[in-house]
>>> print(open('protein-v9.txt').read())   # compact mmCIF, C-alpha atoms
# COMPACT_ATOMS: atom_id res chain seq x y z
CA MET A 1 -34.92 14.36 -17.99
CA PRO A 2 -35.29 11.32 -15.61
CA SER A 3 -35.46 9.04 -18.67
CA ARG A 4 -32.16 10.43 -19.95
CA ARG A 5 -30.61 9.98 -16.53
CA PHE A 6 -31.73 6.35 -16.48
CA ASP A 7 -30.31 5.85 -19.97
CA GLN A 8 -26.97 7.06 -18.71
CA ALA A 9 -27.11 4.79 -15.68
CA ARG A 10 -28.44 1.78 -17.57
CA PRO A 11 -25.02 0.15 -18.27
CA PHE A 12 -24.18 0.39 -14.56
CA ALA A 13 -27.57 -1.06 -13.65
CA THR A 14 -27.01 -3.93 -16.09
CA LEU A 15 -23.59 -4.64 -14.59
CA ALA A 16 -25.04 -4.46 -11.07
CA ILE A 17 -27.69 -7.03 -12.00
CA VAL A 18 -25.04 -9.31 -13.56
CA VAL A 19 -22.92 -9.04 -10.39
CA LEU A 20 -25.94 -9.75 -8.18
CA VAL A 21 -26.87 -12.82 -10.21
CA TRP A 22 -23.24 -13.97 -10.09
CA LEU A 23 -23.10 -13.58 -6.31
CA LEU A 24 -26.32 -15.55 -5.91
CA LEU A 25 -25.08 -18.41 -8.11
CA PRO A 26 -24.29 -21.57 -6.09
CA VAL A 27 -20.59 -22.30 -5.58
CA ALA A 28 -20.98 -25.60 -7.44
CA VAL A 29 -22.10 -23.77 -10.57
CA LYS A 30 -19.16 -21.35 -10.36
CA SER A 31 -16.71 -24.24 -9.83
CA PHE A 32 -18.20 -26.06 -12.79
CA LEU A 33 -17.87 -22.92 -14.93
CA ARG A 34 -14.28 -22.41 -13.83
CA VAL A 35 -13.31 -25.99 -14.63
CA SER A 36 -15.15 -25.74 -17.97
CA PHE A 37 -13.27 -22.58 -18.93
CA PHE A 38 -9.98 -24.14 -17.82
CA GLU A 39 -10.54 -27.32 -19.80
CA PHE A 40 -11.60 -25.24 -22.80
CA GLU A 41 -8.33 -23.31 -22.58
CA ALA A 42 -6.10 -26.31 -21.82
CA PRO A 43 -5.72 -27.57 -25.44
CA LEU A 44 -4.60 -24.08 -26.51
CA GLU A 45 -1.93 -23.99 -23.82
CA VAL A 46 -0.80 -27.56 -24.43
CA SER A 47 -0.60 -27.05 -28.20
CA ALA A 48 1.83 -24.16 -27.63
CA SER A 49 4.03 -26.41 -25.51
CA TYR A 50 4.03 -29.11 -28.22
CA ALA A 51 4.97 -26.46 -30.77
CA ARG A 52 7.90 -25.43 -28.54
CA ASP A 53 9.02 -29.06 -28.28
CA LEU A 54 8.91 -29.38 -32.06
CA GLN A 55 10.89 -26.15 -32.40
CA GLU A 56 13.49 -27.54 -29.99
CA TYR A 57 13.60 -30.81 -31.91
CA TRP A 58 14.31 -29.05 -35.21
CA GLY A 59 16.85 -26.86 -33.44
CA LEU A 60 18.65 -29.95 -32.18
CA ARG A 61 18.53 -31.51 -35.66
CA LEU A 62 20.79 -28.71 -36.83
CA HIS A 63 23.61 -29.84 -34.53
CA SER A 64 26.56 -31.43 -36.25
CA ASN A 65 27.61 -35.08 -35.81
CA THR A 66 30.66 -33.93 -33.83
CA ASP A 67 28.33 -32.24 -31.31
CA LEU A 68 26.24 -35.41 -31.07
CA ILE A 69 29.31 -37.59 -30.51
CA ALA A 70 30.51 -35.24 -27.75
CA ALA A 71 27.02 -35.24 -26.15
CA GLY A 72 26.90 -39.06 -26.35
CA ARG A 73 30.30 -39.32 -24.65
CA ASP A 74 29.16 -36.99 -21.85
CA MET A 75 25.98 -39.00 -21.46
CA ALA A 76 27.98 -42.27 -21.20
CA ARG A 77 30.07 -40.75 -18.38
CA LEU A 78 26.96 -39.55 -16.57
CA HIS A 79 25.36 -42.95 -17.06
CA ALA A 80 28.35 -44.68 -15.47
CA ALA A 81 28.24 -42.30 -12.49
CA TYR A 82 24.49 -42.86 -12.05
CA ASP A 83 24.94 -46.64 -12.25
CA ASN A 84 27.35 -46.41 -9.35
CA ASN A 85 24.90 -44.18 -7.42
CA ILE A 86 22.04 -46.61 -8.02
CA GLN A 87 24.07 -49.45 -6.47
CA GLN A 88 24.93 -47.29 -3.45
CA ASN A 89 21.30 -46.20 -3.20
CA ALA A 90 20.08 -49.80 -3.14
CA GLU A 91 22.60 -50.61 -0.41
CA LEU A 92 21.51 -47.58 1.68
CA ARG A 93 17.82 -48.43 1.21
CA GLY A 94 18.52 -51.91 2.50
CA GLN A 95 20.27 -50.46 5.54
CA ILE A 96 17.37 -48.08 6.23
CA GLU A 97 14.84 -50.91 6.02
CA ARG A 98 16.92 -53.05 8.39
CA LEU A 99 17.22 -50.17 10.89
CA GLU A 100 13.50 -49.38 10.60
CA SER A 101 12.58 -52.96 11.42
CA LEU A 102 15.17 -53.18 14.25
CA LEU A 103 14.09 -49.90 15.88
CA ARG A 104 10.43 -50.29 14.89
CA LEU A 105 10.43 -46.87 13.22
CA PRO A 106 7.61 -45.78 10.91
CA SER A 107 8.84 -45.93 7.33
CA PHE A 108 8.95 -42.88 5.05
CA PRO A 109 6.16 -42.61 2.49
CA GLU A 110 6.93 -44.13 -0.90
CA TYR A 111 6.64 -42.12 -4.10
CA ARG A 112 6.27 -42.85 -7.76
CA SER A 113 8.23 -40.45 -10.03
CA GLU A 114 6.24 -38.92 -12.85
CA PRO A 115 8.33 -36.67 -15.14
CA ALA A 116 6.29 -33.95 -16.86
CA ARG A 117 6.95 -31.18 -19.38
CA VAL A 118 6.16 -27.60 -18.42
CA VAL A 119 3.38 -26.12 -20.53
CA ARG A 120 3.40 -22.61 -19.15
CA ARG A 121 5.28 -20.52 -16.60
CA ASP A 122 3.50 -17.80 -14.69
CA PHE A 123 5.82 -15.65 -12.59
CA SER A 124 3.82 -12.68 -11.30
CA ALA A 125 4.59 -10.71 -8.15
CA TRP A 126 1.64 -12.36 -6.38
CA TRP A 127 2.09 -16.00 -7.38
CA GLN A 128 4.59 -18.19 -9.20
CA ARG A 129 3.20 -21.27 -10.90
CA VAL A 130 3.83 -23.63 -13.75
CA VAL A 131 1.32 -25.72 -15.65
CA ILE A 132 2.51 -29.24 -16.46
CA ARG A 133 1.40 -31.55 -19.23
CA LYS A 134 0.13 -34.35 -17.00
CA GLY A 135 -2.98 -34.44 -14.88
CA LYS A 136 -5.61 -36.92 -13.77
CA ASN A 137 -4.80 -39.00 -16.87
CA PHE A 138 -1.43 -39.85 -15.23
CA GLY A 139 -2.73 -40.22 -11.69
CA ILE A 140 -1.30 -36.92 -10.44
CA VAL A 141 -2.87 -36.00 -7.11
CA GLU A 142 -3.30 -32.63 -5.47
CA GLY A 143 -0.63 -31.76 -2.91
CA SER A 144 2.05 -34.00 -4.48
CA PRO A 145 5.60 -32.67 -4.14
CA VAL A 146 7.34 -31.59 -7.34
CA VAL A 147 11.11 -31.66 -7.76
CA PHE A 148 13.64 -30.69 -10.41
CA THR A 149 17.41 -31.00 -10.79
CA GLY A 150 17.94 -28.11 -8.37
CA GLY A 151 15.79 -29.59 -5.58
CA VAL A 152 12.23 -28.69 -4.60
CA ALA A 153 10.20 -27.07 -7.38
CA GLY A 154 6.90 -26.79 -5.53
CA ARG A 155 3.73 -28.74 -5.00
CA VAL A 156 0.70 -29.58 -7.11
CA SER A 157 -2.08 -27.15 -6.27
CA GLU A 158 -4.72 -28.11 -8.85
CA VAL A 159 -5.20 -31.19 -11.01
CA ARG A 160 -7.25 -31.14 -14.21
CA ALA A 161 -7.97 -33.79 -16.83
CA THR A 162 -4.71 -33.53 -18.79
CA THR A 163 -2.81 -30.78 -16.98
CA ALA A 164 -1.87 -29.86 -13.41
CA ILE A 165 -0.85 -26.59 -11.78
CA VAL A 166 2.28 -26.50 -9.65
CA GLU A 167 2.67 -23.74 -7.11
CA LEU A 168 6.41 -22.98 -7.10
CA VAL A 169 8.43 -22.90 -3.91
CA SER A 170 9.16 -19.19 -4.52
CA SER A 171 5.46 -18.34 -4.35
CA PRO A 172 4.34 -16.45 -1.22
CA ASN A 173 1.50 -18.98 -0.82
CA VAL A 174 3.90 -21.90 -0.26
CA ARG A 175 4.96 -22.69 3.28
CA LEU A 176 6.84 -25.83 4.38
CA ALA A 177 8.91 -27.24 7.21
CA ALA A 178 12.66 -27.09 6.61
CA VAL A 179 15.97 -27.71 8.36
CA VAL A 180 19.43 -26.34 7.78
CA GLU A 181 21.68 -29.10 6.47
CA GLY A 182 23.40 -30.88 9.36
CA ASP A 183 20.82 -29.70 11.91
CA THR A 184 17.61 -31.41 12.98
CA ARG A 185 15.67 -28.47 14.42
CA PRO A 186 12.76 -27.57 12.11
CA MET A 187 11.98 -24.06 10.93
CA SER A 188 9.36 -22.54 8.70
CA TYR A 189 10.08 -21.67 5.09
CA GLN A 190 7.81 -19.41 3.03
CA GLY A 191 8.12 -18.10 -0.52
CA GLY A 192 8.69 -14.37 -0.80
CA ILE A 193 8.48 -11.38 -3.07
CA ASN A 194 10.49 -11.97 -6.23
CA PRO A 195 12.03 -8.82 -7.67
CA SER A 196 12.58 -8.51 -11.41
CA PHE A 197 16.02 -9.43 -12.83
CA ALA A 198 17.12 -11.11 -9.57
CA PRO A 199 17.16 -14.73 -8.39
CA PRO A 200 13.94 -16.05 -6.79
CA LYS A 201 13.78 -15.58 -3.04
CA GLY A 202 12.06 -16.94 0.02
CA ASN A 203 12.08 -16.34 3.76
CA VAL A 204 12.78 -18.56 6.72
CA GLU A 205 11.32 -18.06 10.20
CA PHE A 206 11.80 -19.65 13.63
CA MET A 207 15.49 -20.29 12.92
CA PRO A 208 17.47 -21.21 16.08
CA LEU A 209 19.70 -18.41 17.36
CA ASP A 210 22.91 -20.44 17.06
CA ILE A 211 22.60 -20.85 13.29
CA PHE A 212 24.58 -18.30 11.33
CA ALA A 213 24.44 -17.61 7.62
CA THR A 214 25.81 -14.86 5.43
CA ARG A 215 26.07 -14.25 1.72
CA THR A 216 29.71 -15.37 1.81
CA ALA A 217 28.96 -18.41 4.00
CA PRO A 218 25.43 -19.53 3.04
CA ARG A 219 23.74 -22.56 4.62
CA ARG A 220 21.86 -25.12 2.56
CA LEU A 221 18.17 -25.33 3.49
CA VAL A 222 16.57 -28.73 2.97
CA THR A 223 13.15 -30.25 3.51
CA SER A 224 12.65 -31.70 6.98
CA GLY A 225 10.28 -34.50 6.02
CA LEU A 226 7.85 -33.27 8.69
CA GLY A 227 4.26 -33.11 7.56
CA GLY A 228 4.74 -36.08 5.28
CA VAL A 229 4.43 -34.14 2.01
CA PHE A 230 8.06 -33.71 0.96
CA PRO A 231 10.66 -36.43 1.49
CA PRO A 232 13.49 -35.22 3.75
CA GLY A 233 16.78 -33.84 2.44
CA LEU A 234 15.63 -32.12 -0.75
CA THR A 235 17.31 -28.78 -1.41
CA ILE A 236 15.04 -25.75 -1.07
CA GLY A 237 17.71 -23.07 -1.39
CA TYR A 238 20.52 -21.36 0.51
CA VAL A 239 20.04 -19.20 3.59
CA VAL A 240 22.07 -16.07 2.85
CA SER A 241 21.15 -13.94 5.85
CA ALA A 242 20.01 -14.60 9.40
CA ASP A 243 18.90 -11.75 11.67
CA PRO A 244 17.27 -11.92 15.11
CA SER A 245 13.48 -11.63 14.94
CA THR A 246 11.64 -8.86 16.80
CA ASP A 247 10.86 -11.10 19.80
CA GLY A 248 14.52 -12.15 20.07
CA LEU A 249 13.63 -15.84 20.49
CA PHE A 250 14.44 -16.90 16.95
CA LYS A 251 16.06 -15.65 13.77
CA THR A 252 14.54 -14.83 10.43
CA GLY A 253 16.48 -15.15 7.23
CA GLU A 254 16.46 -14.73 3.50
CA VAL A 255 16.66 -17.79 1.28
CA GLU A 256 18.11 -17.58 -2.20
CA LEU A 257 16.45 -20.12 -4.47
CA ASP A 258 17.79 -21.77 -7.61
CA SER A 259 17.60 -19.29 -10.49
CA ARG A 260 16.55 -22.15 -12.83
CA LEU A 261 13.22 -22.21 -10.98
CA SER A 262 11.82 -19.53 -13.26
CA SER A 263 12.96 -21.21 -16.47
CA LEU A 264 11.80 -24.77 -15.82
CA THR A 265 11.05 -26.92 -18.82
CA GLU A 266 10.69 -30.30 -17.12
CA VAL A 267 9.86 -31.35 -13.57
CA THR A 268 9.19 -34.60 -11.70
CA VAL A 269 6.05 -35.09 -9.68
CA LEU A 270 6.47 -37.42 -6.70
CA VAL A 271 3.09 -39.11 -6.53
CA PRO A 272 2.55 -40.75 -3.11
CA LEU A 273 1.95 -44.47 -3.67
CA GLU A 274 -0.73 -44.56 -0.97
CA ALA A 275 -2.75 -42.06 -3.05
CA ASN A 276 -3.11 -44.62 -5.83
CA MET B 1 -22.80 -16.44 -35.09
CA ARG B 2 -19.95 -15.27 -37.33
CA ARG B 3 -20.13 -11.86 -35.73
CA HIS B 4 -19.89 -13.28 -32.23
CA LEU B 5 -16.90 -15.40 -33.26
CA ALA B 6 -15.28 -12.28 -34.75
CA ILE B 7 -15.67 -10.57 -31.38
CA PHE B 8 -14.60 -13.43 -29.12
CA LEU B 9 -11.81 -15.13 -31.11
CA PRO B 10 -9.47 -12.10 -31.11
CA LEU B 11 -9.96 -11.86 -27.32
CA LEU B 12 -9.04 -15.53 -27.01
CA LEU B 13 -6.00 -14.93 -29.21
CA LEU B 14 -4.91 -12.00 -27.03
CA TRP B 15 -5.28 -14.13 -23.89
CA TRP B 16 -3.13 -16.85 -25.49
CA LEU B 17 -0.48 -14.36 -26.59
CA VAL B 18 -0.28 -12.86 -23.10
CA LEU B 19 0.22 -16.36 -21.65
CA GLN B 20 3.03 -17.06 -24.11
CA LEU B 21 4.65 -13.71 -23.43
CA ASN B 22 4.55 -14.31 -19.68
CA HIS B 23 6.00 -17.79 -20.22
CA TYR B 24 9.03 -16.33 -22.01
CA LEU B 25 9.38 -13.43 -19.57
CA ALA B 26 9.38 -15.68 -16.48
CA PRO B 27 13.19 -16.19 -16.46
CA TRP B 28 13.50 -12.41 -15.86
CA ARG B 29 10.76 -12.47 -13.21
CA MET B 30 8.53 -10.21 -15.30
CA PHE B 31 4.79 -10.36 -15.72
CA VAL B 32 2.69 -8.60 -18.31
CA SER B 33 -0.95 -7.72 -17.79
CA LEU B 34 -2.94 -6.30 -20.71
CA GLY B 35 -6.41 -5.93 -19.22
CA GLY B 36 -6.88 -2.53 -20.89
CA LEU B 37 -6.45 -4.02 -24.33
CA PHE B 38 -9.15 -6.60 -23.70
CA ILE B 39 -11.73 -3.93 -23.09
CA ALA B 40 -10.66 -0.94 -25.26
CA PHE B 41 -12.26 -2.02 -28.54
CA VAL B 42 -15.32 -3.72 -27.08
CA ALA B 43 -16.08 -0.71 -24.90
CA LEU B 44 -15.50 1.93 -27.57
CA GLN B 45 -16.81 0.39 -30.74
CA LEU B 46 -19.39 -2.30 -30.01
CA PRO B 47 -23.00 -1.77 -28.93
CA GLN B 48 -23.21 -1.49 -25.15
CA ARG B 49 -24.78 -4.90 -24.40
CA ILE B 50 -22.48 -6.88 -26.70
CA GLY B 51 -19.49 -4.90 -25.46
CA LEU B 52 -20.30 -5.74 -21.85
CA ILE B 53 -20.81 -9.45 -22.64
CA ALA B 54 -17.49 -9.55 -24.52
CA ALA B 55 -15.68 -7.88 -21.60
CA LEU B 56 -17.21 -10.33 -19.11
CA PHE B 57 -16.20 -13.24 -21.35
CA ALA B 58 -12.63 -11.94 -21.58
CA GLY B 59 -12.56 -11.56 -17.80
CA LEU B 60 -13.74 -15.13 -17.25
CA ILE B 61 -11.06 -16.42 -19.63
CA CYS B 62 -8.42 -14.62 -17.56
CA ASP B 63 -9.97 -15.82 -14.28
CA ALA B 64 -9.82 -19.48 -15.29
CA SER B 65 -6.05 -19.37 -15.80
CA GLN B 66 -5.14 -17.38 -12.70
CA PRO B 67 -5.43 -18.16 -8.98
CA VAL B 68 -8.03 -15.49 -8.26
CA HIS B 69 -11.71 -15.63 -7.35
CA PHE B 70 -13.58 -16.78 -10.42
CA GLY B 71 -15.32 -13.63 -11.62
CA PHE B 72 -12.69 -11.18 -10.31
CA HIS B 73 -11.38 -10.07 -13.71
CA ALA B 74 -14.85 -10.38 -15.23
CA PHE B 75 -16.13 -7.83 -12.72
CA LEU B 76 -13.16 -5.49 -13.23
CA PHE B 77 -13.35 -5.69 -17.03
CA GLY B 78 -17.12 -5.23 -16.91
CA LEU B 79 -16.83 -2.16 -14.69
CA ALA B 80 -14.07 -0.65 -16.83
CA THR B 81 -16.15 -1.29 -19.97
CA VAL B 82 -19.22 0.39 -18.50
CA ILE B 83 -17.18 3.43 -17.42
CA VAL B 84 -15.60 3.77 -20.88
CA GLN B 85 -19.00 3.29 -22.54
CA ARG B 86 -20.36 6.12 -20.41
CA GLN B 87 -17.59 8.44 -21.62
CA ARG B 88 -17.52 7.41 -25.27
CA PRO B 89 -20.03 9.99 -26.63
CA ARG B 90 -17.44 12.62 -25.69
CA LEU B 91 -14.59 10.77 -27.40
CA ASP B 92 -13.59 10.33 -31.01
CA ARG B 93 -14.05 6.62 -30.41
CA PHE B 94 -13.25 5.34 -33.92
CA GLU B 95 -9.89 7.12 -33.94
CA PRO B 96 -7.04 4.59 -33.41
CA THR B 97 -5.08 7.07 -31.25
CA THR B 98 -8.05 7.47 -28.92
CA GLN B 99 -8.50 3.71 -28.68
CA ARG B 100 -4.83 3.24 -27.90
CA THR B 101 -4.90 5.96 -25.23
CA ILE B 102 -8.01 4.49 -23.63
CA ALA B 103 -6.38 1.05 -23.64
CA LEU B 104 -3.28 2.46 -21.92
CA LEU B 105 -5.30 4.35 -19.30
CA ALA B 106 -7.65 1.43 -18.63
CA ASN B 107 -4.66 -0.88 -18.30
CA LEU B 108 -2.99 1.44 -15.81
CA VAL B 109 -6.12 1.63 -13.65
CA LEU B 110 -6.81 -2.12 -13.88
CA PHE B 111 -3.20 -2.91 -12.99
CA ILE B 112 -3.30 -0.67 -9.90
CA VAL B 113 -6.68 -1.99 -8.73
CA THR B 114 -5.54 -5.61 -9.18
CA ALA B 115 -2.30 -4.88 -7.30
CA LEU B 116 -4.21 -3.28 -4.42
CA PHE B 117 -6.42 -6.34 -4.21
CA HIS B 118 -3.50 -8.80 -4.19
CA LEU B 119 -1.53 -6.75 -1.65
CA ARG B 120 -3.68 -8.30 1.08
CA HIS B 121 -2.18 -11.73 0.41
CA VAL B 122 1.54 -10.95 0.35
CA PRO B 123 3.90 -9.38 2.88
CA ALA B 124 4.43 -5.68 2.09
CA GLU B 125 8.14 -5.31 1.37
CA GLY B 126 10.22 -2.61 -0.29
CA ARG B 127 11.16 -4.83 -3.22
CA LEU B 128 7.48 -5.27 -4.03
CA VAL B 129 7.39 -1.64 -5.19
CA SER B 130 10.26 -2.13 -7.66
CA ARG B 131 8.67 -5.34 -8.95
CA PHE B 132 5.30 -3.61 -9.31
CA LEU B 133 6.82 -0.68 -11.20
CA TRP B 134 8.78 -2.90 -13.59
CA ASP B 135 5.71 -5.01 -14.36
CA LEU B 136 3.56 -1.93 -14.86
CA LEU B 137 6.12 -0.22 -17.09
CA PHE B 138 6.62 -3.32 -19.21
CA SER B 139 2.88 -3.97 -19.48
CA GLU B 140 2.26 -0.44 -20.70
CA LEU B 141 5.15 -0.66 -23.17
CA VAL B 142 3.90 -3.96 -24.59
CA LEU B 143 0.37 -2.61 -24.80
CA TRP B 144 1.57 0.55 -26.53
CA ALA B 145 3.48 -1.59 -29.04
CA ILE B 146 0.78 -4.12 -29.90
CA ALA B 147 -2.39 -2.04 -29.46
CA PRO B 148 -2.52 -0.72 -33.08
CA TRP B 149 -2.17 -4.25 -34.46
CA PHE B 150 -4.69 -5.80 -32.09
CA LEU B 151 -7.30 -3.05 -32.44
CA ALA B 152 -6.98 -3.26 -36.23
CA LEU B 153 -7.34 -7.04 -36.02
CA GLN B 154 -10.55 -6.72 -34.02
CA ARG B 155 -11.92 -4.13 -36.45
CA GLN B 156 -10.99 -6.18 -39.52
CA ALA B 157 -12.38 -9.40 -38.05
CA LEU B 158 -15.68 -7.68 -37.36
CA GLU B 159 -15.86 -6.15 -40.84
CA LEU B 160 -15.00 -9.46 -42.47
CA ALA B 161 -17.56 -11.40 -40.46
CA ASP B 162 -20.43 -8.99 -40.88
CA PRO B 163 -19.70 -5.81 -42.89
CA LEU B 164 -23.26 -4.55 -42.60
CA ALA B 165 -23.42 -4.82 -38.82
CA ALA B 166 -19.96 -3.28 -38.51
CA SER B 167 -21.01 -0.19 -40.46
CA GLU B 168 -24.26 -0.11 -38.46
CA ASP B 169 -22.20 -0.07 -35.24
CA ARG B 170 -20.27 2.89 -36.59
CA ARG B 171 -23.46 4.83 -37.29
CA GLN B 172 -25.15 3.92 -34.05
CA VAL B 173 -25.57 6.86 -31.70
CA ASP B 174 -25.52 5.98 -28.03
>>> encode(input="protein-v9.txt", output="structure tokens")
Amino acid sequence: MPSRRFDQARPFATLAIVVLVWLLLPVAVKSFLRVSFFEFEAPLEVSASYARDLQEYWGLRLHSNTDLIAAGRDMARLHAAYDNNIQQNAELRGQIERLESLLRLPSFPEYRSEPARVVRRDFSAWWQRVVIRKGKNFGIVEGSPVVFTGGVAGRVSEVRATTAIVELVSSPNVRLAAVVEGDTRPMSYQGGINPSFAPPKGNVEFMPLDIFATRTAPRRLVTSGLGGVFPPGLTIGYVVSADPSTDGLFKTGEVELDSRLSSLTEVTVLVPLEAN
Amino acid sequence: MRRHLAIFLPLLLLWWLVLQLNHYLAPWRMFVSLGGLFIAFVALQLPQRIGLIAALFAGLICDASQPVHFGFHAFLFGLATVIVQRQRPRLDRFEPTTQRTIALLANLVLFIVTALFHLRHVPAEGRLVSRFLWDLLFSELVLWAIAPWFLALQRQALELADPLAASEDRRQVD
């Protein structure tokens, strides 16, 4: 009878031994195993993204010449507008540098833009991340800010040999200093719970009491530049509600993020130049 | 060697398919988790030791691509496998309907346990419940739809790689 009982418990005993051995393994060994598994999986993930690119390419090949001519015309207009912006940008940069030297202000950190294709999107209730197709091979560093056409996309949380993981700004694990456009007082932004079939959301805390925002009159939330990670003025989202917090000293609000955040195909990593 | 590949490659394929599915579901803020399908076949049809190793391997694959403690899914899959293995003498374990039902039940339990674990890291809000229910419902639907194909794939891969061992597994009495 005891032998039969042990036979029944043997799988549990085996699992218990495995767990015990796992717990006793040094952290370095576990980290090495994790990285090994990740790097083993990376080519599979990346190959799927290349296949998608090829699919898109053949899809675009089906467009008629008329479509291409129209797209070329639109591109030429955009190009002209960007040319004008580049000239203004150079002029403004010159002004900033002159003011910085006159007032002896510390200059903002410089970044190198590194565009990268999205390999995989991962939008669970607990985390929102994308994997991009550039990693250590392109000098991406952990903690670098990531932007897209709608503003802040997130920040690099892990860098591997040929890929990097970006924690999206909608993720509850992301917290950054923000200001409402036209105001200089900083507040705290944090990603929130993202319900299905609705735009991504975040929350803002420590908002001054004299700032008002409603769904009909939203306020643009931008990065403050504090902390030195994100350059100032990048759009995070729009504050659509502002209610007094429980202590009555500040307000808390809901931030509606860009809905394109969950369908990203390309992002730009701002690699700090000091890091290289 | 061929037999081990026949066990592990379908699990790798399933992991890859789940990643692709989640990639395409992201614009709707949906997330599919098919933990039950990783363990159903290995727990019901393979010898206990190999089944446990396969479940741990599948768990580690999932752990490497998610921001969880490395070994979290491996432990959950291992535990679920051991529990199913304990119950399998009472089940008609080679019957596809049984395998599908076990996969659905295991997935439900794994989903709830994982959610309870992650709840510690996010603020508890009302909309979390709706998100959780949608994800759970969709995961179960996807699993219900693809389970017959995937279980048959695992069975066929095993029979192709080593027909003798596969029939031996069928005869083996635990």
>>> residues_around(input="protein-v9.txt", residues="range 22-39 of chain A", least_positions_apart="3", cutoff="10 Å", atoms="only C-alpha atoms", output="ChimeraX atom specification")
/A:16-19,42-44,160-163 /B:60-66,69-71,75
>>> write_last_selection(input="protein-v9.txt", atoms="C-alpha atoms", output="PDB file, in the frame of the given file")
ATOM      1  CA  ALA A  16     -25.040  -4.460 -11.070  1.00  0.00           C
ATOM      2  CA  ILE A  17     -27.690  -7.030 -12.000  1.00  0.00           C
ATOM      3  CA  VAL A  18     -25.040  -9.310 -13.560  1.00  0.00           C
ATOM      4  CA  VAL A  19     -22.920  -9.040 -10.390  1.00  0.00           C
ATOM      5  CA  ALA A  42      -6.100 -26.310 -21.820  1.00  0.00           C
ATOM      6  CA  PRO A  43      -5.720 -27.570 -25.440  1.00  0.00           C
ATOM      7  CA  LEU A  44      -4.600 -24.080 -26.510  1.00  0.00           C
ATOM      8  CA  ARG A 160      -7.250 -31.140 -14.210  1.00  0.00           C
ATOM      9  CA  ALA A 161      -7.970 -33.790 -16.830  1.00  0.00           C
ATOM     10  CA  THR A 162      -4.710 -33.530 -18.790  1.00  0.00           C
ATOM     11  CA  THR A 163      -2.810 -30.780 -16.980  1.00  0.00           C
TER      12      THR A 163
ATOM     13  CA  LEU B  60     -13.740 -15.130 -17.250  1.00  0.00           C
ATOM     14  CA  ILE B  61     -11.060 -16.420 -19.630  1.00  0.00           C
ATOM     15  CA  CYS B  62      -8.420 -14.620 -17.560  1.00  0.00           C
ATOM     16  CA  ASP B  63      -9.970 -15.820 -14.280  1.00  0.00           C
ATOM     17  CA  ALA B  64      -9.820 -19.480 -15.290  1.00  0.00           C
ATOM     18  CA  SER B  65      -6.050 -19.370 -15.800  1.00  0.00           C
ATOM     19  CA  GLN B  66      -5.140 -17.380 -12.700  1.00  0.00           C
ATOM     20  CA  HIS B  69     -11.710 -15.630  -7.350  1.00  0.00           C
ATOM     21  CA  PHE B  70     -13.580 -16.780 -10.420  1.00  0.00           C
ATOM     22  CA  GLY B  71     -15.320 -13.630 -11.620  1.00  0.00           C
ATOM     23  CA  PHE B  75     -16.130  -7.830 -12.720  1.00  0.00           C
TER      24      PHE B  75
END
>>> closest_atom_pairs(input="protein-v9.txt", of="chain A", to="chain B", cutoff="6 Å", atoms="only C-alpha atoms", output="JSON lines")
{"residue": "A:Pro11", "atom": "CA", "partner": "B:Val82", "partner_atom": "CA", "distance": 5.8}
{"residue": "A:Arg34", "atom": "CA", "partner": "B:Ala64", "partner_atom": "CA", "distance": 5.5}
{"residue": "A:Phe37", "atom": "CA", "partner": "B:Ala64", "partner_atom": "CA", "distance": 5.9}
{"residue": "A:Phe38", "atom": "CA", "partner": "B:Ala64", "partner_atom": "CA", "distance": 5.3}
{"residue": "A:Arg120", "atom": "CA", "partner": "B:His23", "partner_atom": "CA", "distance": 5.6}
{"residue": "A:Arg121", "atom": "CA", "partner": "B:His23", "partner_atom": "CA", "distance": 4.6}
{"residue": "A:Phe123", "atom": "CA", "partner": "B:Ala26", "partner_atom": "CA", "distance": 5.3}
{"residue": "A:Ser124", "atom": "CA", "partner": "B:Phe31", "partner_atom": "CA", "distance": 5.1}
{"residue": "A:Pro195", "atom": "CA", "partner": "B:Arg131", "partner_atom": "CA", "distance": 5.0}
{"residue": "A:Ser196", "atom": "CA", "partner": "B:Arg29", "partner_atom": "CA", "distance": 4.7}
{"residue": "A:Phe197", "atom": "CA", "partner": "B:Trp28", "partner_atom": "CA", "distance": 4.9}
{"residue": "A:Ser262", "atom": "CA", "partner": "B:Pro27", "partner_atom": "CA", "distance": 4.8}
{"residue": "A:Ser263", "atom": "CA", "partner": "B:Pro27", "partner_atom": "CA", "distance": 5.0}
>>> closest_residue(input="protein-v9.txt", among="B:Ala55, B:Leu164, B:Val109, B:Leu5", to="Phe77 in chain B", atoms="all atoms listed in the file")
B:Ala55
>>> atom_distance(input="protein-v9.txt", atom1="CA of Phe212 in chain A", atom2="CA of Arg175 in chain A")
21.7 Å
>>> residues_around(input="protein-v9.txt", residues="Leu44 in chain B", least_positions_apart="5", cutoff="12 Å", atoms="only C-alpha atoms", output="PyMOL selection string")
chain B and resi 36-39+49-52+55+80-96+98-103+106+151+154-155+169-170+172-174
